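Working notes, structure below.
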Amino acid sequence: MIRDFLKWVVPGLVTVLAGSSLCLAMTTTDIASAVADQSQATVQRAGFDWAELSFEVRDLTLSGTTTDQNYVDAARQRLARVPGVRSVTTHVTLAPKASPYRLSATLADGKIALAGGVPDETTRQLLLARAGVEQGNLELRSGMPERRVWVAGAQYAIDQLRYLDQGESTISDLRVDLSGRARSARDFRDLLIVLRAGAPAGVTLGEVKITPALVSPYQWNARSDGHRIEVSGFVPDDSLVDRYRAADTGGLAIATGLALGSGEPAGFADLSQKLVEQLSQLEYGTASIVDGQSTLTGAPPTAEIAQAVTQQLQSSGSIVVLEPPRIDDYWASATLHDGGTVVFDGYAPDAATRDALQQHQGADTQWLKLGRGAPEHYQSAMEFGLAALQRLSEGRFALHQQALTLSGVARSGDDYRALLDILAQDAPQGFGVSSAEISAPVAAAYQWSAVKAPSGAITLSGMVPNPDVEASLLSAAGQGAAASLTYAAGEPRNFLDAATTGLGLLSWLSDGKIVFDGSGWTITGSANSTIDKGALETDFATRHLAAAGWSMAIAGPAPAAAPAAPAAATAVAAPQVTTSQSYSWSASKLLTGAVTLSGQMPGELRLRIGSLPAGAPLIDQTVAAADAPAGFAQDVTAAMAAMSNVAEGFASFDGAQWRIDGNLMQADGQAAVEQALADAATPASAWHLTLLPPEPLAEAGASGIAEPVTPATPAPAAPAIAATVPTPQPEVVAPNLPPQEPQFQKPAPQAAPTQLVDTDYAFSASLSADGAVILSGQVPSDAALQTLSTMANGDTAALSIADGAPPGFLASAQIGLRALLQLKSGQLDFAAGAWRLTGVADDTAGRDAVLAATAADAAADWSVSVEAPAAVAAALPESAPATDQPRAKVDISACVGPVTDFSGRNAILFQSGAALITAESGTALDELVTDLKLCPDAVIHVEGHTDADGDAQQNLGLSVARAEAVVSALAEKGIDPRRLYAVGYGESSPIADNATADGKRQNRRIVVTVTNAHY
């Protein structure tokens, strides 16, 4: 029997037990899941929100924090009755209930202190570690909201303290409040970005009071040129900008470049606004606040305004230093009195000039007042007058606007002659001598004589009153006469007539002389002949000279004198007549067909690429640069040809890798791209290609009516580039005109790529009123970051590279950023898979252009809210497209002259070797803008020229870049960019000799030309 039992029963039992175990193992997972679901439902129905459950198959552990053991027992009993639960173990903490459930984190002196309630020891240690401290005033409390959400909110509140140097964050139930002061300007900006992103899911961000970083010293500045006021430095909050613009500034524009900072002195807001208002009363000036000290300097238009400004700022303790008032009728004089005293009267432009005049010997400047409006070169004119007074014994010099007058008596004959020489020369620059009444010194005994030699030559000596008398007497003495005369006043009455008569009598003599000795005239000598002797005596008697006090003693004839030696010839000599750094490049193409180039290209290549037919959708934003990599031009040409087969995408070179990414226009486009790259210098196999096939055409709309479809048309390929370099030709860069819409079917939105999309992917760009751009958030690649950074030319410190961008993200970001940059100010955001653009446009046309640009991006979800000033003119009736009508001619007579004169002065200056316009050229640009507005519809060519120094291609690129810089500056100042064309000639069109420094200076120029074509 035992043998039968072992043979039949035992194997049967083993089989039954093994099968049962297998069945139990196969159903254990399902049983555990069901037990967990029923247990969770049980505590939820009972309202035990404090209960936390964990499971080990059918064994259940109850934990959490509550206020009463009865709650624990009740929960345990209910859970024990759940079908499938084998055992219930409790680890529940009993603690008082907190309502609201609050935790605070306080930062002071670099340390964080925690206080409030926590549900258990595990959470306590978790939060202490998060704050970086070992101890905290944390007490066990029940009543916590949903554990996971509350703990996430508490960690979020603690984390924000790292941006502060002092402050407090609290979480009360599921609301987080934050207050304090930022550690730095960067931390302040980063904190705002974090707060803008929002609190964790389920947590509400409540009151936030963050002050900017502490600044020391606290500096604020304002500068006025009489047209606008520029404010810079620090302010405690952005609201002050609005106060400045609403201040009483007499219509002056306010431009701000302010940063936020705390630590401002008491009364800062009111004082800074008052300084702005008083600064607007001046013709020009500056104002500043450094910690607690304020200063105002500048030029008041009148003495009354100067007094009013001083009184307004007196109560604030400001230091006020004002220039003298402006004088419309400007004059100054210096009078030399006996004894050498020089009394100054009138006006001097500043105290330094007046002090310099006081240093003149014998100067008395007590009557000399200070006044602005002095003519240019005032100092030179005064020095001219004082130099003249030094040669006078008494006299007066005066300056009235640009006219100079001089009167007085010379110290000596030599001084008189020197004064005549001074007055014969040019007056100081900008002045003219309107009157000069100077007399020679009076002689105590006036003497004069004329001696005739046997040769017939006459020599004059003695004194004459002035150069006119001297010239008359030399003319009367005849050719070859000589003179040794000094100038002196006190001559006898009719001196010129008497001396001329004496010279006439000498004609009867072979030799002799006529003398005036201060009392009378005497003529002596030998007659030419007996007849001449008689004639002289008869003439003397006929003139009744004896009665006039003349005397005469004439001898008989004398031998004839030898002829005078011939004069030497004078020869006049004719004047001599002296006669690779790392490269990056990209081309992005939109569905509209528009292609935008950015990065670097050699000047000749830019010339070739930029020479597409008019209306081609090409926007060239590259800069000219030499030292391109070998084969670069060939690769660019191949890339442009390949892009003609891409509906949307971009080609790029980062200095090492060439790549093309995008959506093909046709199914066989891949082969066409590879065929185009066969002509590249870089082997096609080395190119990184990411090309997606075209999507099928869109179905009919909801209305059931299918839209007409136009066959796809590839964009024109870039023209081939010759291997040899031709003679440099002008490069014309058209302004960024809206491209004509190519007629091709736009591909449907791309299907989602295999890469997972991050639903929290976010990006933002802000444009402030002063033109500053700040980018933040995430971008998919370094190439995307570089592309957006180049477009915005702004702060990218808050950008990071992250996977998870949705399809078409970069293309939409570029569209949005371009639209943002057309606004006066605005904000571009991408969040939750949608784009949002808000801001203020210059006018309704600008707003409509932004709306059209974003509407063209059908692949993305856009929300646009752009404000614009109300239209001031009635809408014009619709007309045929401009391309269907001949362009009208423009009357340019009003602006050709001023613009030509402006170009001749070469007033726009650049930093050496660069295309950066210098700050001092701002006034010149304003003048040019005024001139161009006289012909508001005319096309303008801005030509850039260089000298011949350096490489010709680099000079060509530099000339283009400088012309483009002027075009950009004119567009920023209100000139319609559609009118403007930048033309670069390099060194090919000199107007002067490049062998001289002056010639090079003339050749480095910007020439502005007005055409009669309508833009």
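Ordered as shown in the structure tokens, chains take letters A, B, and onward, while each chain numbers its residues from 1 and ligands are numbered from 1 in the order shown.
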
Neighbour list for Ser407 of chain A as an MDAnalysis selection string, cut-off 10 Å, only C-alpha atoms, skip fewer than 3 positions in-chain:
chainID A and resid 335 388:389 392 394:398 410 435:439

For N, CA and C atoms, I'd like the residues from the last selection saved as a compact mmCIF listing (two decimals), in the first residue's frame.
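This is the output file selection.txt:
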```txt
# COMPACT_ATOMS: atom_id res chain seq x y z
N THR A 335 40.36 150.19 -24.88
CA THR A 335 40.77 151.59 -25.09
C THR A 335 42.08 151.85 -24.35
N ALA A 388 47.81 145.50 -32.05
CA ALA A 388 47.80 146.82 -32.68
C ALA A 388 47.92 147.92 -31.63
N LEU A 389 47.23 147.79 -30.50
CA LEU A 389 47.29 148.83 -29.46
C LEU A 389 48.70 149.01 -28.91
N LEU A 392 50.43 151.85 -30.52
CA LEU A 392 49.79 153.15 -30.42
C LEU A 392 50.18 153.82 -29.11
N GLU A 394 48.01 156.11 -27.97
CA GLU A 394 46.65 156.13 -27.47
C GLU A 394 45.74 155.68 -28.61
N GLY A 395 44.61 155.05 -28.23
CA GLY A 395 43.74 154.56 -29.30
C GLY A 395 42.70 153.59 -28.76
N ARG A 396 41.95 153.04 -29.68
CA ARG A 396 40.83 152.15 -29.31
C ARG A 396 40.67 151.08 -30.38
N PHE A 397 40.48 149.84 -29.88
CA PHE A 397 40.15 148.70 -30.75
C PHE A 397 38.76 148.21 -30.36
N ALA A 398 37.92 147.88 -31.35
CA ALA A 398 36.58 147.39 -31.04
C ALA A 398 36.22 146.23 -31.96
N ALA A 410 50.00 156.37 -33.62
CA ALA A 410 51.10 155.43 -33.50
C ALA A 410 52.19 155.99 -32.60
N SER A 435 36.92 149.64 -40.34
CA SER A 435 37.40 151.03 -40.23
C SER A 435 38.74 151.04 -39.53
N ALA A 436 39.70 151.83 -40.08
CA ALA A 436 41.02 151.99 -39.46
C ALA A 436 41.42 153.46 -39.60
N GLU A 437 41.38 154.19 -38.50
CA GLU A 437 41.75 155.62 -38.50
C GLU A 437 42.97 155.80 -37.60
N ILE A 438 44.13 155.61 -38.20
CA ILE A 438 45.39 155.67 -37.46
C ILE A 438 46.22 156.81 -38.03
N SER A 439 46.81 157.60 -37.14
CA SER A 439 47.70 158.69 -37.58
C SER A 439 49.10 158.43 -37.04
```

I'd like the contact shell of Asp238 of chain A - 9 Å cut-off, only C-alpha atoms, skipping same-chain residues fewer than 2 positions apart - returned as JSON, numbers by chain.
{"A": [235, 236, 240, 241, 242, 258, 259, 260]}

Which residue out of A:Asp364, A:Asp620, A:Glu134, A:Glu283 has the minimum interatomic distance to Ala961 of chain A when only C-alpha atoms are used?
A:Asp620

Might you pull out every residue within 10 Å of Pro100 of chain A, with only C-alpha atoms counted and same-chain residues fewer than 4 positions away left off, and present them as a tab-separated table (two decimals) with all heavy atoms, in the first residue's frame?
```
chain	number	residue	atom	x	y	z
A	117	GLY	N	5.64	74.61	9.50
A	117	GLY	CA	5.22	73.25	9.71
A	117	GLY	C	5.69	72.31	8.61
A	117	GLY	O	5.79	72.71	7.45
A	143	GLY	N	-2.48	68.67	8.42
A	143	GLY	CA	-3.27	69.63	7.66
A	143	GLY	C	-2.62	70.05	6.36
A	143	GLY	O	-3.09	70.99	5.70
A	144	MET	N	-1.52	69.41	5.96
A	144	MET	CA	-0.83	69.77	4.73
A	144	MET	C	-1.70	69.46	3.52
A	144	MET	O	-2.35	68.41	3.48
A	144	MET	CB	0.49	69.01	4.65
A	144	MET	CG	1.29	69.28	3.38
A	144	MET	SD	2.78	68.27	3.29
A	144	MET	CE	2.04	66.66	3.05
A	145	PRO	N	-1.72	70.35	2.52
A	145	PRO	CA	-2.42	70.01	1.27
A	145	PRO	C	-1.74	68.82	0.60
A	145	PRO	O	-0.85	68.20	1.18
A	145	PRO	CB	-2.28	71.30	0.43
A	145	PRO	CG	-1.92	72.36	1.41
A	145	PRO	CD	-1.16	71.70	2.51
A	171	ILE	N	5.49	79.77	1.67
A	171	ILE	CA	4.42	79.01	1.03
A	171	ILE	C	3.34	78.82	2.06
A	171	ILE	O	3.57	78.30	3.16
A	171	ILE	CB	4.91	77.67	0.45
A	171	ILE	CG1	3.71	76.94	-0.17
A	171	ILE	CG2	5.66	76.83	1.47
A	171	ILE	CD1	4.11	75.73	-1.00
A	172	SER	N	2.15	79.30	1.75
A	172	SER	CA	1.00	79.19	2.64
A	172	SER	C	-0.05	78.39	1.90
A	172	SER	O	-0.59	78.85	0.88
A	172	SER	CB	0.48	80.58	3.00
A	172	SER	OG	-0.63	80.50	3.87
A	173	ASP	N	-0.31	77.17	2.43
A	173	ASP	CA	-1.08	76.18	1.67
A	173	ASP	C	-0.38	75.99	0.32
A	173	ASP	O	0.74	75.54	0.30
A	173	ASP	CB	-2.54	76.61	1.54
A	173	ASP	CG	-3.27	76.47	2.89
A	173	ASP	OD1	-2.81	75.67	3.72
A	173	ASP	OD2	-4.28	77.16	3.10
A	174	LEU	N	-1.00	76.40	-0.76
A	174	LEU	CA	-0.36	76.21	-2.07
A	174	LEU	C	-0.10	77.54	-2.77
A	174	LEU	O	-0.09	77.62	-3.99
A	174	LEU	CB	-1.23	75.31	-2.95
A	174	LEU	CG	-1.41	73.89	-2.45
A	174	LEU	CD1	-2.30	73.10	-3.39
A	174	LEU	CD2	-0.06	73.18	-2.29
```

Please give the complete set of residues from segment 202-272 of chain A that DSSP, run on the backbone, assigns to strand (DSSP E), formatted as a tab-separated table (two decimals) with C-alpha atoms, in the first residue's frame.
```
chain	number	residue	atom	x	y	z
A	204	THR	CA	-0.01	79.72	-7.19
A	205	LEU	CA	2.52	82.56	-7.31
A	206	GLY	CA	1.18	85.25	-5.01
A	207	GLU	CA	2.67	88.61	-4.02
A	208	VAL	CA	6.15	89.33	-5.40
A	209	LYS	CA	8.10	92.37	-4.20
A	210	ILE	CA	11.67	92.32	-5.51
A	211	THR	CA	13.87	95.40	-5.48
A	219	GLN	CA	24.81	107.44	-10.33
A	220	TRP	CA	22.26	109.07	-12.63
A	221	ASN	CA	22.98	111.37	-15.59
A	222	ALA	CA	21.04	113.44	-18.09
A	223	ARG	CA	22.39	115.30	-21.12
A	224	SER	CA	20.59	117.77	-23.38
A	228	ARG	CA	16.42	115.90	-26.87
A	229	ILE	CA	17.44	114.75	-23.40
A	230	GLU	CA	19.34	111.49	-22.94
A	231	VAL	CA	18.97	109.93	-19.48
A	232	SER	CA	21.31	107.16	-18.29
A	233	GLY	CA	22.48	105.51	-15.09
A	234	PHE	CA	20.28	103.83	-12.45
A	235	VAL	CA	16.67	104.18	-11.34
A	253	ALA	CA	12.16	114.18	-26.60
A	254	ILE	CA	13.36	111.88	-23.82
A	255	ALA	CA	15.73	109.00	-24.63
A	256	THR	CA	16.59	106.56	-21.87
A	257	GLY	CA	19.34	104.02	-21.34
A	258	LEU	CA	18.65	103.18	-17.72
A	259	ALA	CA	19.37	100.19	-15.54
A	260	LEU	CA	17.46	99.19	-12.41
```

Which of these, A:Ala247, A:Leu591, A:Ala792, A:Ala625, has the shortest distance to Leu605 of chain A once you count only C-alpha atoms?
A:Ala625

Segment 909-923 of chain A environment, 7 Å, only C-alpha atoms, sequence neighbours closer than 4 positions dropped, as a list in words
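Answer for this query is Glu927, Leu958, Ala961, Arg962 and Ala965 of chain A.
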
Save the residues we just selected, all heavy atoms, as a PDB file, in the first residue's frame?
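Dumped everything to part_10.pdb:
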```pdb
ATOM      1  N   GLU A 927      21.434 116.831 -40.409  1.00  0.00           N
ATOM      2  CA  GLU A 927      21.372 117.797 -41.507  1.00  0.00           C
ATOM      3  C   GLU A 927      21.005 117.092 -42.812  1.00  0.00           C
ATOM      4  O   GLU A 927      20.161 117.582 -43.576  1.00  0.00           O
ATOM      5  CB  GLU A 927      22.722 118.496 -41.652  1.00  0.00           C
ATOM      6  CG  GLU A 927      22.781 119.463 -42.832  1.00  0.00           C
ATOM      7  CD  GLU A 927      24.177 120.007 -43.066  1.00  0.00           C
ATOM      8  OE1 GLU A 927      25.053 119.772 -42.216  1.00  0.00           O
ATOM      9  OE2 GLU A 927      24.402 120.644 -44.111  1.00  0.00           O
ATOM     10  N   LEU A 958      34.777  97.317 -47.417  1.00  0.00           N
ATOM     11  CA  LEU A 958      34.654  98.384 -46.430  1.00  0.00           C
ATOM     12  C   LEU A 958      33.781  99.513 -46.965  1.00  0.00           C
ATOM     13  O   LEU A 958      32.955 100.073 -46.233  1.00  0.00           O
ATOM     14  CB  LEU A 958      36.040  98.909 -46.053  1.00  0.00           C
ATOM     15  CG  LEU A 958      36.080 100.050 -45.027  1.00  0.00           C
ATOM     16  CD1 LEU A 958      35.457  99.597 -43.710  1.00  0.00           C
ATOM     17  CD2 LEU A 958      37.509 100.520 -44.809  1.00  0.00           C
ATOM     18  N   ALA A 961      30.209  98.388 -46.755  1.00  0.00           N
ATOM     19  CA  ALA A 961      29.742  98.359 -45.365  1.00  0.00           C
ATOM     20  C   ALA A 961      29.483  99.758 -44.836  1.00  0.00           C
ATOM     21  O   ALA A 961      28.527 100.002 -44.102  1.00  0.00           O
ATOM     22  CB  ALA A 961      30.766  97.639 -44.481  1.00  0.00           C
ATOM     23  N   ARG A 962      30.347 100.711 -45.204  1.00  0.00           N
ATOM     24  CA  ARG A 962      30.148 102.082 -44.734  1.00  0.00           C
ATOM     25  C   ARG A 962      28.916 102.707 -45.379  1.00  0.00           C
ATOM     26  O   ARG A 962      28.161 103.432 -44.721  1.00  0.00           O
ATOM     27  CB  ARG A 962      31.400 102.921 -45.016  1.00  0.00           C
ATOM     28  CG  ARG A 962      32.557 102.590 -44.072  1.00  0.00           C
ATOM     29  CD  ARG A 962      33.784 103.441 -44.323  1.00  0.00           C
ATOM     30  NE  ARG A 962      34.760 103.267 -43.249  1.00  0.00           N
ATOM     31  CZ  ARG A 962      35.971 103.844 -43.223  1.00  0.00           C
ATOM     32  NH1 ARG A 962      36.341 104.629 -44.220  1.00  0.00           N
ATOM     33  NH2 ARG A 962      36.778 103.637 -42.201  1.00  0.00           N
ATOM     34  N   ALA A 965      26.051 101.336 -43.596  1.00  0.00           N
ATOM     35  CA  ALA A 965      25.909 101.930 -42.261  1.00  0.00           C
ATOM     36  C   ALA A 965      25.189 103.270 -42.342  1.00  0.00           C
ATOM     37  O   ALA A 965      24.352 103.598 -41.495  1.00  0.00           O
ATOM     38  CB  ALA A 965      27.286 102.107 -41.625  1.00  0.00           C
TER      39      ALA A 965
END
```
